[in-house]
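Working notes, structure below.
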Amino acid sequence: MLRERTVVVVILLPTAFAIIAAGGWIFAAGVALVLGLAAAEYAALFRAHGLALSTPLLVAGVAALALGRQADGFGSGPAILAMSGLALMTWHLIDYERGAGRSGTDFAVGLGGVAYLGWVGAYLVSLRSLPDGVWWLLTALPAVWIGDSAAYFIGRAIGRRRLAPRLSPKKTWEGYLAGIVGAAAAGAGFAALWTVAAPTGGVSAGRGLILGAVMGILTPLGDLGISMIKREVQIKDSGTILPGHGGALDRLDSWLWAGVLGYYLVETWLH
C-alpha cells in the first residue's frame, strides 16, 4: 500500500505542479477534469445506495462551473447553476414517469453535488486567478497535505482521544492539533520560500502562517464531510482511480475547502 501511494505521488506531483504553474485555461481544464471525475464518483456512491442520479448532467454542471469561473469569474456561475437545476429537474421528472421511485431525492442530491463540487470546487480556479495566485495556491495546498500527514502520523503514534468516532474512528484530537501546527508551519515556510519569486510582495511568511493555520483548523471538515457520505452509503473509498489513495473525491475532500477559504482570506489582504 505504501509503495503504491508513493508511486502515485511521484507521478502526480510534478504533473500537478506544472498545471498549477501554467495557470489560465490549462489549470481550469485540469480542475474541471478532476472535479468531473469526483462528480462521477459522487453519483456512483449514491447509486450504490439506491438513488438514480444523472451522472452526465452532474458531471457537465460541475465541469461547466469550473470552466465558467475561468471564463468570466463569477459572472456566468449563477446562470450555469440555474440551468443545471432546470436540466436536473426535467430529467428526474421524466425518470419518475418511467418508474423511478425516489426522483425528488435524486434531484436534491444531484443539485447538491453540482453546487458543492462545482461552485465550491471552482474556487480553486478563483484562488489561482488572484494576484500572486500561483504562490497562494502553492502555499495553501501543501499546507493541507502536510497538515494531513502530520495528523496521520502523530495520531497513529500518540493519538488517544477520538475526534469524530462515527465519522472517522481513526482520527484523534492529538492528530488534529498536530495537523494545525504542521499546516501553519508549512504555510509559513512555503510563503517565505515564494517571497523570492512573488512579484508584488503580497506573499509573506506571516500571512502564510495565518493561511496555513486556517487550512489546518477548517479543511479537516471537508474530509469529514465526504467521510459522512461514505459512511452513510457504507463504502470505504469513493473510487479506485488512484492506487493506494482511493478516488478523486477522496483526494479533493479537503481541497474543496482550501480553495474557498484561501480565496476569501487572500481577498481580504488584497483590499
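Labels for the C-alpha cells follow display order: chains A, B, ..., residues from 1 in each chain, ligands from 1.
DSSP secondary structure from the backbone places Arg162, Leu163, Ala164, Ser168, Pro169, Lys170, Lys171, Thr172 and Leu242 of chain A of stretch 30-242 of chain A in strand (DSSP E or B).
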Excluding A:Leu218 and residues on its chain fewer than 5 positions from it, collect all residues at most 10 Å away from it, counting only C-alpha atoms, and give them as a PDB file with N, CA and C atoms, in the first residue's frame.
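Contents of the output file out-v5.pdb:
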ATOM      1  N   VAL A 144      -2.225  21.973   3.406  1.00  0.00           N
ATOM      2  CA  VAL A 144      -3.230  20.933   3.630  1.00  0.00           C
ATOM      3  C   VAL A 144      -2.571  19.555   3.632  1.00  0.00           C
ATOM      4  N   ILE A 180      -2.845  21.041  12.719  1.00  0.00           N
ATOM      5  CA  ILE A 180      -2.887  22.510  12.720  1.00  0.00           C
ATOM      6  C   ILE A 180      -1.473  23.075  12.780  1.00  0.00           C
ATOM      7  N   ALA A 213      -2.625  28.005   9.150  1.00  0.00           N
ATOM      8  CA  ALA A 213      -3.399  27.704  10.357  1.00  0.00           C
ATOM      9  C   ALA A 213      -4.881  27.535  10.029  1.00  0.00           C
ATOM     10  N   ASP A 223     -12.811  16.785   4.752  1.00  0.00           N
ATOM     11  CA  ASP A 223     -12.509  15.354   4.823  1.00  0.00           C
ATOM     12  C   ASP A 223     -13.636  14.618   5.539  1.00  0.00           C
ATOM     13  N   SER A 254     -10.560  17.777   1.168  1.00  0.00           N
ATOM     14  CA  SER A 254     -10.036  18.952   1.881  1.00  0.00           C
ATOM     15  C   SER A 254      -9.714  20.105   0.941  1.00  0.00           C
ATOM     16  N   TRP A 257     -12.420  22.808   0.444  1.00  0.00           N
ATOM     17  CA  TRP A 257     -12.453  23.835   1.484  1.00  0.00           C
ATOM     18  C   TRP A 257     -11.254  24.759   1.357  1.00  0.00           C
ATOM     19  N   ALA A 258     -10.093  24.211   0.990  1.00  0.00           N
ATOM     20  CA  ALA A 258      -8.888  25.027   0.874  1.00  0.00           C
ATOM     21  C   ALA A 258      -9.053  26.121  -0.177  1.00  0.00           C
ATOM     22  N   LEU A 261     -11.698  28.882   1.206  1.00  0.00           N
ATOM     23  CA  LEU A 261     -11.152  29.591   2.366  1.00  0.00           C
ATOM     24  C   LEU A 261      -9.934  30.422   1.974  1.00  0.00           C
TER      25      LEU A 261
END
Might you pull out every residue within 10 Å of A:Phe74, with only C-alpha atoms counted and same-chain residues fewer than 3 positions away left off, and present them as a PyMOL selection string?
chain A and resi 65+68-71+77-79+119+122-123+126
Export of prior selection with C-alpha atoms as a PDB file, in the first residue's frame:
ATOM      1  CA  LEU A  65     -18.909  25.830 -13.325  1.00  0.00           C
ATOM      2  CA  GLY A  68     -17.058  29.337 -16.359  1.00  0.00           C
ATOM      3  CA  ARG A  69     -15.062  30.599 -13.381  1.00  0.00           C
ATOM      4  CA  GLN A  70     -12.033  30.860 -15.662  1.00  0.00           C
ATOM      5  CA  ALA A  71     -14.026  32.491 -18.476  1.00  0.00           C
ATOM      6  CA  GLY A  77     -21.835  30.909 -12.431  1.00  0.00           C
ATOM      7  CA  PRO A  78     -25.401  31.725 -11.335  1.00  0.00           C
ATOM      8  CA  ALA A  79     -26.725  31.031 -14.845  1.00  0.00           C
ATOM      9  CA  TRP A 119     -19.493  26.028  -7.314  1.00  0.00           C
ATOM     10  CA  ALA A 122     -14.319  26.244  -8.756  1.00  0.00           C
ATOM     11  CA  TYR A 123     -12.799  28.425  -6.025  1.00  0.00           C
ATOM     12  CA  SER A 126     -10.596  31.707  -8.395  1.00  0.00           C
TER      13      SER A 126
END
For A:Gly206, find every residue with an atom within 9 Å (counting only C-alpha atoms), except residues of its own chain fewer than 4 positions away, and show them as a ChimeraX atom specification.
/A:187-188,191-192,210-211
Quick one: write out the picked residues with C-alpha atoms as a compact mmCIF listing (two decimals), in the first residue's frame?
# COMPACT_ATOMS: atom_id res chain seq x y z
CA GLY A 187 2.18 27.75 5.28
CA ALA A 188 4.82 29.98 6.82
CA ALA A 191 5.19 31.50 1.77
CA ALA A 192 8.69 32.52 2.91
CA ILE A 210 -2.24 32.51 9.06
CA LEU A 211 -3.31 30.80 5.84
At what distance in Å, to one decimal, does atom CA of A:Gly212 lie from atom CA of A:Ala183?
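Taking atom CA of A:Ala183 as the start and atom CA of A:Gly212 as the end point, the length is 4.8 Å.
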Which residue is closest to A:Leu45? Choose from A:Gly61, A:Gly202, A:Gly182, A:Gly113 and count only C-alpha atoms.
A:Gly113
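Comparing A:Leu270, A:Ala157, A:Leu249, A:Ala100 by their smallest distance to A:Leu37, the closest is A:Leu249 (using only C-alpha atoms).
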Write out as a list in words the residues lying within 12 Å of A:Ala248, counting only C-alpha atoms and excluding same-chain residues fewer than 6 positions away.
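Answer for this query is Val31, Ala32, Leu33, Val34, Leu35, Gly36, Leu37, Ala38, Ala39, Ala40, Glu41, Tyr42, Leu117, Ile226, Asp237, Ser238, Gly239, Thr240, Ile241, Leu242, Ser254, Trp255 and Leu256 of chain A.
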Based on the backbone DSSP call, show me all residues of stretch 59-228 of chain A assigned helix (DSSP H, G or I), as a PyMOL selection string.
chain A and resi 59-72+77-97+103-120+123-129+133-158+173-194+205-218+220-228
Nearest to A:Ala66, chosen from A:Ile80, A:Ala143, A:Ala150, A:Ala205, with only C-alpha atoms counted in the distances
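So, comparing all the options, the nearest one is A:Ile80.
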